[in-house]
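Below you'll find the structure, written out as structure tokens, and then a few comments.
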Amino acid sequence: MRHILPALLGLLLCAACVGPEDNATKVKDLRVLGMRTDPPELYADTCSTDPAVLADTLVRPVRLTALIPDPVGDGRDLDYTLWACASLGDETCREDRVELARGITKAGELVINLFPGPGAARLPDGTFLAQKVLEKDTYRGLGGVRMPLVLWVRGGGEQVYAQKIMVYGCRFFPEMKANVQPELPGLLLAGEPWDAEVPRELSGPGPFKLEAPDFSELEESYVVPSFELKPVQLQEAWELTWHSTLGNISPGVTGGADLGGGEGKHRVEWTPPRDAPAQEVRFWVTARDGRGGMSWVTRTVKYTP
């Protein structure tokens, strides 16, 4: 159903795509692994499809953060452009778009403070972009206004597009409340806490066990309107995506709700290649709550064969 669609984020176009000999968990080129907005959802006390009524909500400031690894870029400059778009299907934001920011960054975290927020964007004819989003929405805003944000990053001969959905909601029922960002409480490596500040040392062929500690108490219950305009109670089931600069992580995605309504375990194995030289290896784990919230953690190991 529409109201439980996850935030859309992914590599939509890049010069170095994943081939059959590669695996999606290995980051060897320019990527956008995650985009988060703070807050993850902007909430209005009044439900209306009229942008004039929602003006105060639409103009609220938003901070966008993008996670951009560039492992072979050697610290090079990266050009970026951020647009707000009208259509979820316009993956590279070619039509009905408004430029929000552009500039030069480097690998790491790109932070863009948007004031006023993306919802205040207007098309050249003066129309609120949010109004165009509603016109293209089959459900006419039921479950919230979902505005695509598209980030275009270029470096050398590489380029990548990534899409993030900015969610604008409203209190359709008294028990509804704004989403809270899903923040991982940490990671475990070989059963021991994995500190973000101190690289762990690993040696040997592996595999090595990686795990997220139990965070079930952080997964929110929430209410959405059904097509019959009745309250529906749902429960988050966070999905984690695992990446590293070396080797293979299996499985690459954990958690999320399966067809039976259950949640998968957040345990994976990292296996370095047999001929790998000694090196520092970066790991990234992103968490998505299935309703627009996203965060990530970064860890490092010093690996020797």
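The way I read the labels, and the way they are meant: chains A, B, ... in the order of the structure tokens, residue 1 as the first residue of every chain, and ligand 1 as the first ligand shown, with later ones counted on from there.
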Contacts of Asp137 (chain A) within 10 Å, only C-alpha atoms, excl. fewer than 3 positions in-chain, as a count of residues only: 12
Pro148 (chain A) surroundings by only C-alpha atoms, 9 Å radius, close-in-sequence under 3 positions cut, as a list of chain:residue names: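 Final neighbour list, sorted by chain and number: A:Leu8, A:Trp83, A:Ala84, A:Cys85, A:Ala86, A:Ser87, A:Leu88, A:Asp90, A:Glu91, A:Cys93, A:Val133, A:Gln163, A:Lys164, A:Ile165, A:Met166, A:Val167.
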Keeping only N, CA, C and O atoms, write the selected residues as a PDB file, in the first residue's frame.
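Once written, part_24.pdb looks like this:
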ATOM      1  N   LEU A   8      12.485   6.117  -1.089  1.00  0.00           N
ATOM      2  CA  LEU A   8      13.214   5.651  -2.250  1.00  0.00           C
ATOM      3  C   LEU A   8      14.592   6.278  -2.250  1.00  0.00           C
ATOM      4  O   LEU A   8      14.737   7.483  -2.213  1.00  0.00           O
ATOM      5  N   TRP A  83      18.062  18.934  -6.614  1.00  0.00           N
ATOM      6  CA  TRP A  83      16.793  19.416  -7.125  1.00  0.00           C
ATOM      7  C   TRP A  83      15.640  18.871  -6.280  1.00  0.00           C
ATOM      8  O   TRP A  83      15.748  17.804  -5.667  1.00  0.00           O
ATOM      9  N   ALA A  84      14.521  19.570  -6.304  1.00  0.00           N
ATOM     10  CA  ALA A  84      13.232  19.043  -5.871  1.00  0.00           C
ATOM     11  C   ALA A  84      12.401  18.816  -7.121  1.00  0.00           C
ATOM     12  O   ALA A  84      12.430  19.634  -8.053  1.00  0.00           O
ATOM     13  N   CYS A  85      11.678  17.691  -7.170  1.00  0.00           N
ATOM     14  CA  CYS A  85      10.975  17.286  -8.386  1.00  0.00           C
ATOM     15  C   CYS A  85       9.499  17.041  -8.089  1.00  0.00           C
ATOM     16  O   CYS A  85       9.088  16.941  -6.922  1.00  0.00           O
ATOM     17  N   ALA A  86       8.725  16.882  -9.147  1.00  0.00           N
ATOM     18  CA  ALA A  86       7.281  16.676  -8.996  1.00  0.00           C
ATOM     19  C   ALA A  86       6.866  15.224  -9.092  1.00  0.00           C
ATOM     20  O   ALA A  86       5.822  14.840  -8.563  1.00  0.00           O
ATOM     21  N   SER A  87       7.651  14.390  -9.747  1.00  0.00           N
ATOM     22  CA  SER A  87       7.222  13.020 -10.025  1.00  0.00           C
ATOM     23  C   SER A  87       8.179  11.996  -9.442  1.00  0.00           C
ATOM     24  O   SER A  87       9.401  12.082  -9.629  1.00  0.00           O
ATOM     25  N   LEU A  88       7.633  10.992  -8.733  1.00  0.00           N
ATOM     26  CA  LEU A  88       8.452   9.917  -8.188  1.00  0.00           C
ATOM     27  C   LEU A  88       9.143   9.120  -9.280  1.00  0.00           C
ATOM     28  O   LEU A  88      10.218   8.567  -9.079  1.00  0.00           O
ATOM     29  N   ASP A  90      10.393  10.276 -12.047  1.00  0.00           N
ATOM     30  CA  ASP A  90      11.410  11.058 -12.747  1.00  0.00           C
ATOM     31  C   ASP A  90      12.723  10.908 -12.001  1.00  0.00           C
ATOM     32  O   ASP A  90      13.130  11.768 -11.229  1.00  0.00           O
ATOM     33  N   GLU A  91      13.422   9.796 -12.242  1.00  0.00           N
ATOM     34  CA  GLU A  91      14.554   9.403 -11.412  1.00  0.00           C
ATOM     35  C   GLU A  91      15.760  10.326 -11.515  1.00  0.00           C
ATOM     36  O   GLU A  91      16.594  10.364 -10.604  1.00  0.00           O
ATOM     37  N   CYS A  93      15.258  13.643 -12.388  1.00  0.00           N
ATOM     38  CA  CYS A  93      14.695  14.977 -12.169  1.00  0.00           C
ATOM     39  C   CYS A  93      14.842  15.855 -13.412  1.00  0.00           C
ATOM     40  O   CYS A  93      15.414  16.946 -13.358  1.00  0.00           O
ATOM     41  N   VAL A 133       3.218  18.150  -7.299  1.00  0.00           N
ATOM     42  CA  VAL A 133       3.385  16.804  -6.735  1.00  0.00           C
ATOM     43  C   VAL A 133       2.024  16.170  -6.494  1.00  0.00           C
ATOM     44  O   VAL A 133       1.784  14.998  -6.814  1.00  0.00           O
ATOM     45  N   GLN A 163      17.983   9.467  -5.160  1.00  0.00           N
ATOM     46  CA  GLN A 163      16.687  10.063  -4.871  1.00  0.00           C
ATOM     47  C   GLN A 163      16.291   9.809  -3.420  1.00  0.00           C
ATOM     48  O   GLN A 163      16.474   8.712  -2.897  1.00  0.00           O
ATOM     49  N   LYS A 164      15.766  10.844  -2.778  1.00  0.00           N
ATOM     50  CA  LYS A 164      15.248  10.761  -1.411  1.00  0.00           C
ATOM     51  C   LYS A 164      13.879  11.419  -1.391  1.00  0.00           C
ATOM     52  O   LYS A 164      13.682  12.462  -2.004  1.00  0.00           O
ATOM     53  N   ILE A 165      12.941  10.818  -0.676  1.00  0.00           N
ATOM     54  CA  ILE A 165      11.596  11.364  -0.599  1.00  0.00           C
ATOM     55  C   ILE A 165      11.458  12.224   0.657  1.00  0.00           C
ATOM     56  O   ILE A 165      11.658  11.741   1.771  1.00  0.00           O
ATOM     57  N   MET A 166      11.123  13.495   0.460  1.00  0.00           N
ATOM     58  CA  MET A 166      10.808  14.393   1.567  1.00  0.00           C
ATOM     59  C   MET A 166       9.331  14.248   1.874  1.00  0.00           C
ATOM     60  O   MET A 166       8.491  14.460   0.999  1.00  0.00           O
ATOM     61  N   VAL A 167       9.009  13.870   3.126  1.00  0.00           N
ATOM     62  CA  VAL A 167       7.633  13.546   3.494  1.00  0.00           C
ATOM     63  C   VAL A 167       7.006  14.707   4.261  1.00  0.00           C
ATOM     64  O   VAL A 167       7.566  15.194   5.242  1.00  0.00           O
TER      65      VAL A 167
END
Near Val62 (chain A), within 8 Å and counting only C-alpha atoms, which residues show up once chain neighbours fewer than 5 positions away are dropped, as a PDB file with N, CA, C and O atoms, in the first residue's frame?
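The resulting file, result_36.pdb, is shown below:
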ATOM      1  N   THR A  37      16.950  13.360   5.699  1.00  0.00           N
ATOM      2  CA  THR A  37      16.476  14.713   5.964  1.00  0.00           C
ATOM      3  C   THR A  37      16.148  14.824   7.442  1.00  0.00           C
ATOM      4  O   THR A  37      15.603  13.908   8.046  1.00  0.00           O
ATOM      5  N   ASP A  38      16.513  15.942   8.026  1.00  0.00           N
ATOM      6  CA  ASP A  38      16.198  16.220   9.427  1.00  0.00           C
ATOM      7  C   ASP A  38      15.360  17.479   9.489  1.00  0.00           C
ATOM      8  O   ASP A  38      15.830  18.544   9.090  1.00  0.00           O
ATOM      9  N   PRO A  39      14.118  17.368   9.968  1.00  0.00           N
ATOM     10  CA  PRO A  39      13.457  16.146  10.441  1.00  0.00           C
ATOM     11  C   PRO A  39      13.119  15.213   9.277  1.00  0.00           C
ATOM     12  O   PRO A  39      13.075  15.653   8.122  1.00  0.00           O
ATOM     13  N   ASN A 113      21.867  22.802   4.288  1.00  0.00           N
ATOM     14  CA  ASN A 113      20.785  23.389   5.071  1.00  0.00           C
ATOM     15  C   ASN A 113      19.854  24.149   4.134  1.00  0.00           C
ATOM     16  O   ASN A 113      20.288  25.080   3.437  1.00  0.00           O
ATOM     17  N   LEU A 114      18.601  23.742   4.110  1.00  0.00           N
ATOM     18  CA  LEU A 114      17.617  24.311   3.195  1.00  0.00           C
ATOM     19  C   LEU A 114      16.641  25.178   3.976  1.00  0.00           C
ATOM     20  O   LEU A 114      15.844  24.687   4.775  1.00  0.00           O
ATOM     21  N   PHE A 115      16.744  26.494   3.760  1.00  0.00           N
ATOM     22  CA  PHE A 115      15.806  27.424   4.385  1.00  0.00           C
ATOM     23  C   PHE A 115      15.470  28.516   3.380  1.00  0.00           C
ATOM     24  O   PHE A 115      16.366  29.206   2.902  1.00  0.00           O
ATOM     25  N   PRO A 116      14.217  28.659   2.983  1.00  0.00           N
ATOM     26  CA  PRO A 116      13.094  27.821   3.414  1.00  0.00           C
ATOM     27  C   PRO A 116      13.226  26.391   2.889  1.00  0.00           C
ATOM     28  O   PRO A 116      14.070  26.120   2.038  1.00  0.00           O
ATOM     29  N   GLY A 117      12.391  25.489   3.404  1.00  0.00           N
ATOM     30  CA  GLY A 117      12.466  24.080   3.040  1.00  0.00           C
ATOM     31  C   GLY A 117      12.037  23.806   1.616  1.00  0.00           C
ATOM     32  O   GLY A 117      11.508  24.684   0.922  1.00  0.00           O
ATOM     33  N   PRO A 118      12.246  22.560   1.131  1.00  0.00           N
ATOM     34  CA  PRO A 118      11.898  22.188  -0.246  1.00  0.00           C
ATOM     35  C   PRO A 118      10.436  22.439  -0.582  1.00  0.00           C
ATOM     36  O   PRO A 118      10.100  22.722  -1.736  1.00  0.00           O
TER      37      PRO A 118
END
Residues of region 204-298 of chain A in strand (DSSP E or B), written as a VMD selection string: chain A and resid 208 to 211 221 to 225 231 to 235 239 to 244 248 to 250 253 to 255 257 263 267 to 271 279 to 288 294 to 298
Distance query Asp77 (chain A) at most 8 Å, only C-alpha atoms, self and fewer than 4 positions along chain excluded, as a PyMOL selection string: chain A and resi 104-106+155
How would the residues just chosen look if you wrote them out with N, CA, C and O atoms as a CSV table (one decimal), in the first residue's frame?
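Okay, part-v3.csv is ready:
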chain,number,residue,atom,x,y,z
A,104,ILE,N,30.5,22.4,-4.5
A,104,ILE,CA,31.6,21.5,-4.6
A,104,ILE,C,31.8,20.9,-3.2
A,104,ILE,O,31.8,21.6,-2.2
A,105,THR,N,32.0,19.5,-3.2
A,105,THR,CA,32.2,18.8,-1.9
A,105,THR,C,33.3,17.8,-2.1
A,105,THR,O,33.9,17.7,-3.2
A,106,LYS,N,33.6,17.0,-1.1
A,106,LYS,CA,34.5,15.9,-1.1
A,106,LYS,C,33.8,14.7,-0.5
A,106,LYS,O,32.7,14.8,0.0
A,155,GLY,N,32.3,13.4,-10.5
A,155,GLY,CA,33.7,13.5,-10.2
A,155,GLY,C,34.5,12.8,-11.3
A,155,GLY,O,34.3,11.6,-11.5
Pairwise distance for CA of Glu41 (chain A) and CA of Gly293 (chain A), rounded to one decimal in Å: 7.8 Å
Backbone-only DSSP, alpha helix (DSSP H) members of region 42-243 of chain A, as a ChimeraX atom specification: /A:55-58,129-136
Residues near Pro272 (chain A), cut-off 9 Å, only C-alpha atoms, skip fewer than 5 positions along chain, as a PyMOL selection string: chain A and resi 204-208+246-249+303+305
Selection near Thr25 (chain A), 10 Å with only C-alpha atoms, sequence-local residues under 4 positions removed, as JSON, numbers by chain: {"A": [18, 241, 242, 243, 244, 245, 246, 247, 248, 249, 250, 251, 252, 253, 270, 283, 284]}
Output the selection as a short mmCIF file (atom, residue, chain, number, x, y, z; two decimals), in the first residue's frame - C-alpha atoms for each residue.
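File produced: result_28.cif:
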data_model
loop_
_atom_site.label_atom_id
_atom_site.label_comp_id
_atom_site.auth_asym_id
_atom_site.auth_seq_id
_atom_site.Cartn_x
_atom_site.Cartn_y
_atom_site.Cartn_z
CA VAL A 18 27.86 -3.29 -10.58
CA THR A 241 22.09 -2.29 4.28
CA TRP A 242 25.73 -3.30 4.74
CA HIS A 243 28.74 -2.05 2.71
CA SER A 244 32.54 -2.14 2.91
CA THR A 245 35.53 -1.14 0.76
CA LEU A 246 36.87 -4.69 0.61
CA GLY A 247 35.49 -8.20 0.30
CA ASN A 248 31.92 -9.39 0.53
CA ILE A 249 29.18 -9.04 3.15
CA SER A 250 26.48 -11.68 3.22
CA PRO A 251 23.62 -11.05 3.35
CA GLY A 252 23.91 -7.46 2.13
CA VAL A 253 20.48 -6.47 3.45
CA TRP A 270 32.26 -10.22 6.14
CA PHE A 283 32.28 -0.17 6.70
CA TRP A 284 28.94 1.61 6.36
#
Which of A:Gln233, A:Thr65, A:Gln279, A:Ser216 sits closest to Lys302 (chain A) [using only C-alpha atoms]: A:Gln279
Which neighbours of Asp56 (chain A) fall inside 10 Å, counting only C-alpha atoms, when residues of the same chain fewer than 6 positions from it are skipped, and could you give them as a PDB file with N, CA, C and O atoms, in the first residue's frame?
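So the final result, stored in around12.pdb, reads:
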ATOM      1  N   ALA A  44       1.838  18.792   9.782  1.00  0.00           N
ATOM      2  CA  ALA A  44       0.881  19.890   9.913  1.00  0.00           C
ATOM      3  C   ALA A  44      -0.285  19.434  10.772  1.00  0.00           C
ATOM      4  O   ALA A  44      -0.713  18.283  10.701  1.00  0.00           O
ATOM      5  N   GLY A 119       9.550  22.353   0.414  1.00  0.00           N
ATOM      6  CA  GLY A 119       8.131  22.539   0.145  1.00  0.00           C
ATOM      7  C   GLY A 119       7.770  23.936  -0.302  1.00  0.00           C
ATOM      8  O   GLY A 119       6.683  24.165  -0.845  1.00  0.00           O
ATOM      9  N   ALA A 120       8.678  24.898  -0.064  1.00  0.00           N
ATOM     10  CA  ALA A 120       8.420  26.275  -0.480  1.00  0.00           C
ATOM     11  C   ALA A 120       8.815  26.527  -1.930  1.00  0.00           C
ATOM     12  O   ALA A 120       8.574  27.625  -2.454  1.00  0.00           O
TER      13      ALA A 120
END
Pick from A:Lys136, A:Arg76, A:Lys230, A:Arg31 nearest to Trp152 (chain A), counting only C-alpha atoms: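 The answer is A:Arg31, which sits nearest to Trp152 (chain A).
Each of A:Asp45, A:Asp50, A:Glu228, A:Glu217 was compared to Leu184 (chain A) using only C-alpha atoms, and A:Glu217 turns out to be the nearest.
Nearest residue to Glu211 (chain A) among A:Thr254, A:Thr138, A:Thr81, A:Asn179 is A:Thr254, counting only C-alpha atoms.
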Coordinates-based distance that separates CA of Met176 (chain A) from CA of Val223 (chain A) (Å, one decimal):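 Computed distance, CA of Val223 (chain A) to CA of Met176 (chain A), equals 5.5 Å.
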Two-atom distance - CA of Pro199 (chain A), CA of Ala278 (chain A) (Å):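 CA of Ala278 (chain A) lies 13.9 Å from CA of Pro199 (chain A).
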